[in-house]
file start_35.cif (mmCIF, C-alpha atoms)
data_data
loop_
_atom_site.group_PDB
_atom_site.id
_atom_site.type_symbol
_atom_site.label_atom_id
_atom_site.label_comp_id
_atom_site.auth_asym_id
_atom_site.auth_seq_id
_atom_site.Cartn_x
_atom_site.Cartn_y
_atom_site.Cartn_z
ATOM 1 C CA MET P 1 11.307 -2.327 -27.246
ATOM 2 C CA ASN P 2 14.857 -3.602 -26.909
ATOM 3 C CA ALA P 3 16.679 -0.319 -26.394
ATOM 4 C CA LEU P 4 18.072 0.176 -22.915
ATOM 5 C CA ASP P 5 18.577 3.844 -22.210
ATOM 6 C CA SER P 6 19.836 4.663 -18.713
ATOM 7 C CA ASP P 7 18.201 8.080 -18.995
ATOM 8 C CA GLY P 8 14.970 6.784 -20.504
ATOM 9 C CA ILE P 9 11.502 6.253 -19.180
ATOM 10 C CA THR P 10 10.740 3.955 -16.284
ATOM 11 C CA ILE P 11 7.354 2.269 -16.264
ATOM 12 C CA GLY P 12 5.790 1.214 -12.995
ATOM 13 C CA VAL P 13 3.049 -1.426 -12.965
ATOM 14 C CA ASP P 14 0.675 -1.961 -10.036
ATOM 15 C CA ILE P 15 -0.935 -5.406 -10.365
ATOM 16 C CA GLY P 16 -4.034 -5.698 -8.211
ATOM 17 C CA GLY P 17 -6.743 -8.291 -7.895
ATOM 18 C CA THR P 18 -9.011 -6.571 -10.421
ATOM 19 C CA LYS P 19 -6.897 -4.054 -12.348
ATOM 20 C CA THR P 20 -3.365 -3.553 -13.618
ATOM 21 C CA HIS P 21 -2.336 0.109 -13.594
ATOM 22 C CA ALA P 22 0.820 1.264 -15.366
ATOM 23 C CA VAL P 23 2.439 4.705 -15.247
ATOM 24 C CA ALA P 24 5.438 6.112 -17.107
ATOM 25 C CA LEU P 25 7.891 8.258 -15.171
ATOM 26 C CA GLY P 26 10.330 10.653 -16.753
ATOM 27 C CA ALA P 27 13.869 11.197 -15.489
ATOM 28 C CA GLY P 28 12.645 13.859 -13.050
ATOM 29 C CA GLY P 29 9.861 11.680 -11.641
ATOM 30 C CA GLU P 30 7.085 13.348 -13.621
ATOM 31 C CA VAL P 31 4.154 11.169 -14.722
ATOM 32 C CA LEU P 32 4.165 11.101 -18.520
ATOM 33 C CA GLY P 33 1.203 8.803 -19.033
ATOM 34 C CA GLU P 34 -0.813 5.957 -17.555
ATOM 35 C CA VAL P 35 -3.016 3.072 -18.637
ATOM 36 C CA ARG P 36 -5.307 0.624 -16.867
ATOM 37 C CA ARG P 37 -6.172 -2.927 -17.837
ATOM 38 C CA ARG P 38 -8.130 -5.728 -16.236
ATOM 39 C CA SER P 39 -5.851 -8.059 -14.285
ATOM 40 C CA GLY P 40 -5.741 -11.689 -15.249
ATOM 41 C CA HIS P 41 -5.798 -14.680 -12.911
ATOM 42 C CA GLY P 42 -3.074 -17.267 -13.034
ATOM 43 C CA GLU P 43 0.517 -17.051 -14.188
ATOM 44 C CA GLU P 44 0.046 -16.642 -17.930
ATOM 45 C CA LEU P 45 -2.747 -14.060 -17.737
ATOM 46 C CA VAL P 46 -1.052 -11.962 -15.041
ATOM 47 C CA VAL P 47 2.174 -11.834 -17.068
ATOM 48 C CA LEU P 48 0.226 -11.020 -20.236
ATOM 49 C CA ALA P 49 -1.693 -8.167 -18.580
ATOM 50 C CA ALA P 50 1.548 -6.625 -17.285
ATOM 51 C CA VAL P 51 3.289 -6.930 -20.662
ATOM 52 C CA GLN P 52 0.328 -5.502 -22.562
ATOM 53 C CA ALA P 53 0.006 -2.585 -20.133
ATOM 54 C CA VAL P 54 3.662 -1.671 -20.649
ATOM 55 C CA GLU P 55 3.456 -2.087 -24.425
ATOM 56 C CA THR P 56 0.284 0.011 -24.622
ATOM 57 C CA LEU P 57 1.840 2.777 -22.571
ATOM 58 C CA ALA P 58 5.058 2.669 -24.585
ATOM 59 C CA GLY P 59 3.003 2.987 -27.753
ATOM 60 C CA GLU P 60 1.484 6.199 -26.427
ATOM 61 C CA LEU P 61 4.965 7.692 -25.945
ATOM 62 C CA PRO P 62 6.582 7.371 -29.394
ATOM 63 C CA GLY P 63 10.259 8.115 -29.593
ATOM 64 C CA ARG P 64 10.828 7.584 -25.856
ATOM 65 C CA ALA P 65 12.998 4.618 -24.894
ATOM 66 C CA ILE P 66 11.827 2.378 -22.051
ATOM 67 C CA ALA P 67 14.829 1.897 -19.770
ATOM 68 C CA ARG P 68 13.318 -0.388 -17.138
ATOM 69 C CA VAL P 69 10.083 -1.638 -15.600
ATOM 70 C CA GLY P 70 9.045 -1.969 -11.968
ATOM 71 C CA ILE P 71 6.141 -4.113 -10.769
ATOM 72 C CA GLY P 72 4.260 -3.869 -7.494
ATOM 73 C CA ILE P 73 2.202 -6.928 -6.611
ATOM 74 C CA PRO P 74 0.574 -8.468 -3.523
ATOM 75 C CA GLY P 75 2.199 -11.457 -1.879
ATOM 76 C CA THR P 76 5.655 -12.352 -0.673
ATOM 77 C CA VAL P 77 8.216 -10.965 -3.108
ATOM 78 C CA ASP P 78 11.908 -11.695 -3.421
ATOM 79 C CA HIS P 79 13.028 -8.319 -4.736
ATOM 80 C CA LEU P 80 16.428 -9.734 -5.712
ATOM 81 C CA THR P 81 15.093 -12.503 -7.972
ATOM 82 C CA GLY P 82 11.646 -11.196 -8.877
ATOM 83 C CA GLU P 83 9.909 -14.343 -7.623
ATOM 84 C CA VAL P 84 6.398 -13.970 -6.214
ATOM 85 C CA GLN P 85 4.846 -16.293 -3.652
ATOM 86 C CA GLN P 86 1.426 -16.411 -2.005
ATOM 87 C CA ALA P 87 -0.257 -13.858 -4.289
ATOM 88 C CA LEU P 88 -3.333 -16.004 -3.893
ATOM 89 C CA ASN P 89 -5.923 -13.515 -5.170
ATOM 90 C CA LEU P 90 -4.040 -13.539 -8.467
ATOM 91 C CA GLY P 91 -3.445 -17.293 -8.523
ATOM 92 C CA LEU P 92 0.334 -16.949 -8.214
ATOM 93 C CA ASP P 93 2.764 -18.929 -6.089
ATOM 94 C CA HIS P 94 6.474 -19.492 -6.751
ATOM 95 C CA VAL P 95 6.282 -17.572 -10.027
ATOM 96 C CA ALA P 96 9.387 -15.954 -11.539
ATOM 97 C CA LEU P 97 7.387 -12.881 -12.513
ATOM 98 C CA GLY P 98 10.311 -10.526 -13.046
ATOM 99 C CA ALA P 99 12.173 -12.898 -15.336
ATOM 100 C CA GLN P 100 9.105 -13.688 -17.423
ATOM 101 C CA VAL P 101 8.101 -10.064 -17.966
ATOM 102 C CA SER P 102 11.711 -9.068 -18.632
ATOM 103 C CA ARG P 103 12.100 -11.798 -21.257
ATOM 104 C CA ARG P 104 9.001 -10.640 -23.107
ATOM 105 C CA LEU P 105 9.797 -6.932 -22.974
ATOM 106 C CA GLY P 106 13.562 -7.034 -23.383
ATOM 107 C CA VAL P 107 14.280 -4.643 -20.484
ATOM 108 C CA PRO P 108 15.244 -5.140 -16.817
ATOM 109 C CA VAL P 109 12.266 -5.706 -14.509
ATOM 110 C CA HIS P 110 12.223 -5.195 -10.741
ATOM 111 C CA VAL P 111 9.431 -6.708 -8.626
ATOM 112 C CA GLU P 112 8.363 -5.312 -5.266
ATOM 113 C CA ASN P 113 5.577 -6.015 -2.803
ATOM 114 C CA ASP P 114 2.752 -3.598 -3.602
ATOM 115 C CA VAL P 115 2.568 -2.064 -0.118
ATOM 116 C CA ASN P 116 6.317 -1.468 -0.146
ATOM 117 C CA ALA P 117 5.939 0.114 -3.568
ATOM 118 C CA ALA P 118 3.187 2.393 -2.268
ATOM 119 C CA ALA P 119 5.455 3.446 0.599
ATOM 120 C CA LEU P 120 8.085 4.551 -1.923
ATOM 121 C CA GLY P 121 5.426 6.281 -3.986
ATOM 122 C CA SER P 122 4.314 8.156 -0.853
ATOM 123 C CA LEU P 123 7.621 9.985 -0.546
ATOM 124 C CA GLY P 124 6.199 12.855 -2.549
ATOM 125 C CA SER P 125 2.787 12.863 -0.846
ATOM 126 C CA PRO P 126 1.470 16.132 0.607
ATOM 127 C CA GLY P 127 2.779 16.642 4.110
ATOM 128 C CA GLU P 128 5.586 14.090 3.913
ATOM 129 C CA ALA P 129 8.298 16.537 2.923
ATOM 130 C CA GLU P 130 7.102 19.392 5.118
ATOM 131 C CA GLY P 131 9.694 20.454 7.641
ATOM 132 C CA ARG P 132 12.081 17.661 6.747
ATOM 133 C CA GLY P 133 15.006 19.842 5.714
ATOM 134 C CA ALA P 134 18.141 17.830 4.986
ATOM 135 C CA GLU P 135 17.021 14.851 7.080
ATOM 136 C CA PRO P 136 16.602 11.632 5.044
ATOM 137 C CA PRO P 137 12.911 10.819 4.600
ATOM 138 C CA SER P 138 11.167 8.282 6.795
ATOM 139 C CA LEU P 139 7.557 7.193 6.596
ATOM 140 C CA ALA P 140 5.219 4.261 6.979
ATOM 141 C CA TYR P 141 2.440 3.513 4.520
ATOM 142 C CA LEU P 142 -0.432 1.828 6.365
ATOM 143 C CA ASN P 143 -2.489 -0.040 3.788
ATOM 144 C CA LEU P 144 -6.121 -0.686 4.700
ATOM 145 C CA GLY P 145 -7.444 -2.986 2.015
ATOM 146 C CA THR P 146 -8.741 -6.549 1.956
ATOM 147 C CA GLY P 147 -5.980 -7.155 4.488
ATOM 148 C CA LEU P 148 -3.687 -4.820 6.418
ATOM 149 C CA ALA P 149 0.047 -4.283 6.172
ATOM 150 C CA VAL P 150 2.694 -1.572 6.406
ATOM 151 C CA GLY P 151 5.455 -0.526 4.047
ATOM 152 C CA THR P 152 8.296 1.430 5.630
ATOM 153 C CA VAL P 153 10.901 3.803 4.248
ATOM 154 C CA LEU P 154 13.770 4.530 6.641
ATOM 155 C CA ASP P 155 16.528 6.981 5.742
ATOM 156 C CA GLY P 156 15.150 7.118 2.221
ATOM 157 C CA ARG P 157 15.306 3.347 1.642
ATOM 158 C CA LEU P 158 12.756 0.573 1.887
ATOM 159 C CA TRP P 159 12.997 -1.593 4.980
ATOM 160 C CA ARG P 160 11.988 -5.117 3.986
ATOM 161 C CA GLY P 161 13.323 -7.029 6.992
ATOM 162 C CA VAL P 162 15.499 -10.131 7.004
ATOM 163 C CA THR P 163 12.996 -12.385 5.220
ATOM 164 C CA GLY P 164 10.953 -9.745 3.417
ATOM 165 C CA ALA P 165 8.121 -9.994 5.958
ATOM 166 C CA ALA P 166 8.612 -6.593 7.594
ATOM 167 C CA GLY P 167 5.352 -4.707 8.007
ATOM 168 C CA GLU P 168 3.033 -7.697 8.428
ATOM 169 C CA ILE P 169 1.443 -6.181 11.514
ATOM 170 C CA GLY P 170 -2.113 -7.223 10.722
ATOM 171 C CA HIS P 171 -1.960 -10.209 13.047
ATOM 172 C CA ILE P 172 -0.728 -8.344 16.101
ATOM 173 C CA PRO P 173 -3.591 -8.592 18.636
ATOM 174 C CA LEU P 174 -4.787 -5.338 20.191
ATOM 175 C CA ASP P 175 -7.929 -6.559 21.951
ATOM 176 C CA PRO P 176 -8.058 -10.064 23.488
ATOM 177 C CA ASP P 177 -11.868 -9.785 23.578
ATOM 178 C CA GLY P 178 -12.118 -8.562 19.988
ATOM 179 C CA PRO P 179 -13.439 -10.405 16.937
ATOM 180 C CA LEU P 180 -11.930 -13.722 15.917
ATOM 181 C CA CYS P 181 -9.244 -13.418 13.246
ATOM 182 C CA VAL P 182 -8.578 -15.933 10.469
ATOM 183 C CA CYS P 183 -5.187 -16.561 12.077
ATOM 184 C CA GLY P 184 -6.908 -17.995 15.177
ATOM 185 C CA GLN P 185 -6.231 -15.086 17.523
ATOM 186 C CA ARG P 186 -8.752 -12.540 18.743
ATOM 187 C CA GLY P 187 -8.682 -8.802 18.262
ATOM 188 C CA CYS P 188 -5.941 -8.659 15.625
ATOM 189 C CA ILE P 189 -5.543 -5.326 13.876
ATOM 190 C CA GLU P 190 -6.582 -6.864 10.556
ATOM 191 C CA ALA P 191 -9.701 -8.430 12.092
ATOM 192 C CA MET P 192 -10.970 -4.924 12.892
ATOM 193 C CA ALA P 193 -9.331 -2.618 10.341
ATOM 194 C CA SER P 194 -9.546 -4.326 6.943
ATOM 195 C CA GLY P 195 -12.189 -5.074 4.361
ATOM 196 C CA SER P 196 -12.116 -8.783 5.132
ATOM 197 C CA GLY P 197 -12.286 -8.119 8.868
ATOM 198 C CA ILE P 198 -15.307 -5.854 8.488
ATOM 199 C CA ALA P 199 -17.012 -8.452 6.289
ATOM 200 C CA ARG P 200 -16.482 -11.186 8.899
ATOM 201 C CA GLN P 201 -17.845 -8.953 11.652
ATOM 202 C CA TRP P 202 -20.889 -7.933 9.636
ATOM 203 C CA GLY P 203 -21.878 -11.248 8.113
ATOM 204 C CA ALA P 204 -24.013 -11.534 4.994
ATOM 205 C CA ASP P 205 -24.777 -8.579 2.718
ATOM 206 C CA VAL P 206 -22.055 -6.345 4.114
ATOM 207 C CA PRO P 207 -22.492 -2.703 3.068
ATOM 208 C CA SER P 208 -19.660 -0.590 1.687
ATOM 209 C CA ALA P 209 -17.504 1.304 4.175
ATOM 210 C CA PRO P 210 -19.213 4.648 3.417
ATOM 211 C CA GLU P 211 -22.611 2.987 3.848
ATOM 212 C CA ILE P 212 -21.520 1.630 7.232
ATOM 213 C CA ALA P 213 -20.408 5.133 8.216
ATOM 214 C CA ASP P 214 -23.803 6.493 7.106
ATOM 215 C CA LEU P 215 -25.631 3.820 9.081
ATOM 216 C CA ALA P 216 -23.528 4.569 12.155
ATOM 217 C CA ALA P 217 -24.329 8.274 11.848
ATOM 218 C CA SER P 218 -28.035 7.448 11.691
ATOM 219 C CA GLY P 219 -27.872 5.451 14.921
ATOM 220 C CA ASP P 220 -27.428 1.868 13.719
ATOM 221 C CA GLU P 221 -25.729 0.106 16.649
ATOM 222 C CA ARG P 222 -24.090 -2.671 14.656
ATOM 223 C CA ALA P 223 -22.616 -0.189 12.187
ATOM 224 C CA ALA P 224 -21.458 2.062 15.022
ATOM 225 C CA SER P 225 -19.706 -0.872 16.704
ATOM 226 C CA VAL P 226 -17.914 -1.915 13.503
ATOM 227 C CA LEU P 227 -16.878 1.667 12.751
ATOM 228 C CA GLU P 228 -15.682 2.258 16.310
ATOM 229 C CA ARG P 229 -13.516 -0.857 16.177
ATOM 230 C CA LEU P 230 -12.120 0.224 12.815
ATOM 231 C CA VAL P 231 -11.134 3.660 14.099
ATOM 232 C CA TRP P 232 -9.723 2.262 17.347
ATOM 233 C CA ALA P 233 -7.644 -0.363 15.527
ATOM 234 C CA VAL P 234 -6.290 2.085 12.942
ATOM 235 C CA ALA P 235 -5.308 4.467 15.740
ATOM 236 C CA GLY P 236 -3.688 1.535 17.538
ATOM 237 C CA ALA P 237 -1.741 0.630 14.410
ATOM 238 C CA VAL P 238 -0.514 4.218 14.046
ATOM 239 C CA ARG P 239 0.553 4.289 17.696
ATOM 240 C CA LEU P 240 2.391 0.978 17.269
ATOM 241 C CA ILE P 241 4.182 2.178 14.115
ATOM 242 C CA VAL P 242 5.265 5.487 15.657
ATOM 243 C CA LEU P 243 6.511 3.901 18.877
ATOM 244 C CA ALA P 244 8.304 1.057 17.082
ATOM 245 C CA GLN P 245 9.843 3.017 14.211
ATOM 246 C CA ASP P 246 9.559 6.739 15.008
ATOM 247 C CA VAL P 247 8.864 7.601 11.376
ATOM 248 C CA ARG P 248 8.129 11.198 10.441
ATOM 249 C CA ARG P 249 4.862 10.412 8.661
ATOM 250 C CA VAL P 250 2.253 7.647 8.703
ATOM 251 C CA VAL P 251 0.414 7.705 5.384
ATOM 252 C CA ILE P 252 -2.935 5.911 5.569
ATOM 253 C CA GLY P 253 -4.015 4.474 2.239
ATOM 254 C CA GLY P 254 -5.734 1.547 0.596
ATOM 255 C CA GLY P 255 -9.331 0.951 -0.404
ATOM 256 C CA LEU P 256 -10.854 1.577 3.025
ATOM 257 C CA ALA P 257 -8.977 4.834 3.513
ATOM 258 C CA LEU P 258 -9.862 5.986 0.001
ATOM 259 C CA ALA P 259 -13.533 5.172 0.558
ATOM 260 C CA LEU P 260 -13.838 6.878 3.948
ATOM 261 C CA GLY P 261 -11.384 9.755 3.629
ATOM 262 C CA GLU P 262 -11.870 12.365 6.357
ATOM 263 C CA ARG P 263 -14.516 10.198 7.990
ATOM 264 C CA LEU P 264 -11.661 7.914 8.935
ATOM 265 C CA ARG P 265 -8.817 10.368 9.468
ATOM 266 C CA LEU P 266 -10.621 12.744 11.825
ATOM 267 C CA PRO P 267 -11.875 10.138 14.318
ATOM 268 C CA VAL P 268 -8.469 8.397 14.215
ATOM 269 C CA LEU P 269 -6.826 11.707 15.143
ATOM 270 C CA ALA P 270 -9.390 12.216 17.907
ATOM 271 C CA GLN P 271 -8.619 8.769 19.348
ATOM 272 C CA LEU P 272 -4.878 9.375 19.217
ATOM 273 C CA ARG P 273 -5.252 12.745 20.934
ATOM 274 C CA GLU P 274 -7.379 11.145 23.629
ATOM 275 C CA TRP P 275 -4.563 8.706 24.316
ATOM 276 C CA GLU P 276 -1.998 11.510 24.179
ATOM 277 C CA ALA P 277 -3.985 13.472 26.777
ATOM 278 C CA ALA P 278 -3.724 10.517 29.163
ATOM 279 C CA SER P 279 -0.010 9.868 28.554
ATOM 280 C CA PRO P 280 2.667 12.572 28.700
ATOM 281 C CA PHE P 281 5.052 10.117 27.053
ATOM 282 C CA LEU P 282 2.735 9.473 24.104
ATOM 283 C CA ALA P 283 2.055 13.192 23.848
ATOM 284 C CA SER P 284 5.803 13.800 23.599
ATOM 285 C CA VAL P 285 6.036 11.740 20.392
ATOM 286 C CA ALA P 286 2.738 13.161 19.048
ATOM 287 C CA PRO P 287 1.511 10.349 16.765
ATOM 288 C CA ALA P 288 -1.574 12.368 15.791
ATOM 289 C CA ASP P 289 0.630 15.021 14.206
ATOM 290 C CA ARG P 290 2.225 12.442 11.902
ATOM 291 C CA VAL P 291 -0.907 11.107 10.201
ATOM 292 C CA VAL P 292 -1.834 12.023 6.612
ATOM 293 C CA LEU P 293 -4.191 10.419 4.135
ATOM 294 C CA ALA P 294 -2.807 9.064 0.894
ATOM 295 C CA PRO P 295 -3.872 11.312 -1.996
ATOM 296 C CA ALA P 296 -6.797 9.857 -3.909
ATOM 297 C CA ASP P 297 -5.507 11.097 -7.265
ATOM 298 C CA ARG P 298 -1.953 9.721 -7.097
ATOM 299 C CA PRO P 299 -1.251 6.062 -8.081
ATOM 300 C CA LEU P 300 1.246 5.476 -5.291
ATOM 301 C CA ALA P 301 1.947 1.783 -5.876
ATOM 302 C CA ALA P 302 2.597 2.212 -9.612
ATOM 303 C CA ILE P 303 4.797 5.262 -9.042
ATOM 304 C CA GLY P 304 6.654 3.478 -6.239
ATOM 305 C CA ALA P 305 7.183 0.396 -8.402
ATOM 306 C CA ALA P 306 8.831 2.607 -11.006
ATOM 307 C CA LEU P 307 11.008 4.277 -8.373
ATOM 308 C CA ALA P 308 12.023 0.889 -6.946
ATOM 309 C CA ALA P 309 13.208 -0.195 -10.401
ATOM 310 C CA ARG P 310 15.655 2.670 -10.725
ATOM 311 C CA PRO P 311 19.274 2.013 -9.779
ATOM 312 C CA VAL P 312 20.321 3.367 -6.392
#

call {"tool": "encode", "arguments": {"input": "start_35.cif", "output": "structure tokens"}}
result
Amino acid sequence: MNALDSDGITIGVDIGGTKTHAVALGAGGEVLGEVRRRSGHGEELVVLAAVQAVETLAGELPGRAIARVGIGIPGTVDHLTGEVQQALNLGLDHVALGAQVSRRLGVPVHVENDVNAAALGSLGSPGEAEGRGAEPPSLAYLNLGTGLAVGTVLDGRLWRGVTGAAGEIGHIPLDPDGPLCVCGQRGCIEAMASGSGIARQWGADVPSAPEIADLAASGDERAASVLERLVWAVAGAVRLIVLAQDVRRVVIGGGLALALGERLRLPVLAQLREWEAASPFLASVAPADRVVLAPADRPLAAIGAALAARPV
């Protein structure tokens, strides 16, 4: 796989804590194929899983040259060098991931933070392009997973910030009387609206998010309190994003959003509209009208990683 064809296939690889998901994109952005593998832990196994995923996918597309590879991965990523830091769930820190994968595959490799990659992959999500016309796209991808973070596309380009830390809003406190966060503050968004935050609130034997929603519906007070905080914090995050960045869409994705679906979106919209009813200013920017759920059947981070690898 040494041929470099500027019009060839781009493969995007989403490396998560448990699985590595690779997709092949054609020149028009169409998904030509995809494979999933178990993710490794530690530098050698993570690199091997990524390389094998790309090679497996390439083998399923005979006669198609692989032009480039993009990788989306948790942690702090230097998109210029491909170095990954603080991807602790994968056992990576100060790893030249892009260079290692590129050396083994013989093609250029671009590495991006996974939430940023998902933001790019969201550009084609339902609702994002509606009514946009000729205006460059802008959106925020609010990822509700083990932690919480935002990836932002402004004027069609990723906004990474000066140090690459843009979007780390999880440790912005919303409620000074809220649950204690691992960062030492109380009532951080992540402490209420993430898998880890829910687990810390619940304690031992935490149910799944849908089970908590079921318990809340049946009258369980602890479940109702956890779910209410989740909805309130997600709505607060959306309000913060819209007021700070004025993006056209806020796409809510990640494991929690996927698990809860409309049982999250609808109460979040209700909370936002309650705030809008009390504030003519907030009503004028209409954050509730900007919220969409990430599609469950579209691998946004893998697609976005492929898009990020393509030359501008």

call {"tool": "residues_around", "arguments": {"input": "start_35.cif", "residues": "Glu30 of chain P", "least_positions_apart": "5", "cutoff": "12 Å", "atoms": "only C-alpha atoms", "output": "ChimeraX atom specification"}}
result
/P:9-11,23-25,124,298,303,306-307

call {"tool": "resolve_selection", "arguments": {"input": "start_35.cif", "expression": "the PyMOL selection byres ((chain P and resi 114-123) around 9)", "output": "number ranges by chain"}}
result
P: 14-16, 71-75, 111-113, 124-126, 128-129, 137-143, 149-153, 156-160, 167, 251, 253, 294-295, 298-308

call {"tool": "closest_residue", "arguments": {"input": "start_35.cif", "among": "P:Glu190, P:Gly178, P:Val250, P:Leu88", "to": "Ser225 of chain P", "atoms": "all atoms listed in the file"}}
result
P:Gly178

call {"tool": "residues_around", "arguments": {"input": "start_35.cif", "residues": "segment 31-35 of chain P", "least_positions_apart": "2", "cutoff": "7 Å", "atoms": "all atoms listed in the file", "output": "PyMOL selection string"}}
result
chain P and resi 21-26+29+37+53+57

call {"tool": "resolve_selection", "arguments": {"input": "start_35.cif", "expression": "the PyMOL selection byres ((chain P and resi 199-202) around 12)", "output": "count of residues only"}}
result
35

call {"tool": "closest_residue", "arguments": {"input": "start_35.cif", "among": "P:Val285, P:Ala235, P:Leu80, P:Ala244", "to": "Pro267 of chain P", "atoms": "only C-alpha atoms"}}
result
P:Ala235

call {"tool": "atom_distance", "arguments": {"input": "start_35.cif", "atom1": "atom CA of Asp93 of chain P", "atom2": "atom CA of Thr76 of chain P"}}
result
9.0 Å

call {"tool": "atom_distance", "arguments": {"input": "start_35.cif", "atom1": "atom CA of Ala165 of chain P", "atom2": "atom CA of Gly82 of chain P"}}
result
15.3 Å

call {"tool": "residues_around", "arguments": {"input": "start_35.cif", "residues": "Ala270 of chain P", "least_positions_apart": "6", "cutoff": "10 Å", "atoms": "only C-alpha atoms", "output": "mmCIF file with C-alpha atoms, keeping the file's coordinate frame"}}
result
data_model
loop_
_atom_site.group_PDB
_atom_site.id
_atom_site.type_symbol
_atom_site.label_atom_id
_atom_site.label_comp_id
_atom_site.auth_asym_id
_atom_site.auth_seq_id
_atom_site.Cartn_x
_atom_site.Cartn_y
_atom_site.Cartn_z
ATOM 1 C CA VAL P 231 -11.134 3.660 14.099
ATOM 2 C CA TRP P 232 -9.723 2.262 17.347
ATOM 3 C CA ALA P 235 -5.308 4.467 15.740
ATOM 4 C CA GLU P 276 -1.998 11.510 24.179
ATOM 5 C CA ALA P 288 -1.574 12.368 15.791
#

call {"tool": "decode", "arguments": {"input": "start_35.cif", "residues": "segment 169-186 of chain P", "atoms": "C-alpha atoms", "output": "short mmCIF file (atom, residue, chain, number, x, y, z; two decimals), in the first residue's frame"}}
result
data_model
loop_
_atom_site.label_atom_id
_atom_site.label_comp_id
_atom_site.auth_asym_id
_atom_site.auth_seq_id
_atom_site.Cartn_x
_atom_site.Cartn_y
_atom_site.Cartn_z
CA ILE P 169 -16.04 22.99 28.79
CA GLY P 170 -16.69 20.03 31.08
CA HIS P 171 -15.11 21.75 34.06
CA ILE P 172 -17.09 24.97 33.83
CA PRO P 173 -19.24 25.04 37.00
CA LEU P 174 -22.96 25.62 36.53
CA ASP P 175 -24.20 24.88 40.05
CA PRO P 176 -22.06 25.79 43.09
CA ASP P 177 -24.20 23.41 45.19
CA GLY P 178 -23.98 20.58 42.67
CA PRO P 179 -22.06 17.30 42.94
CA LEU P 180 -18.33 17.33 43.55
CA CYS P 181 -16.26 17.04 40.38
CA VAL P 182 -12.93 15.22 40.05
CA CYS P 183 -11.35 18.61 39.32
CA GLY P 184 -12.20 19.79 42.85
CA GLN P 185 -15.02 22.16 41.93
CA ARG P 186 -18.72 21.59 42.48
#
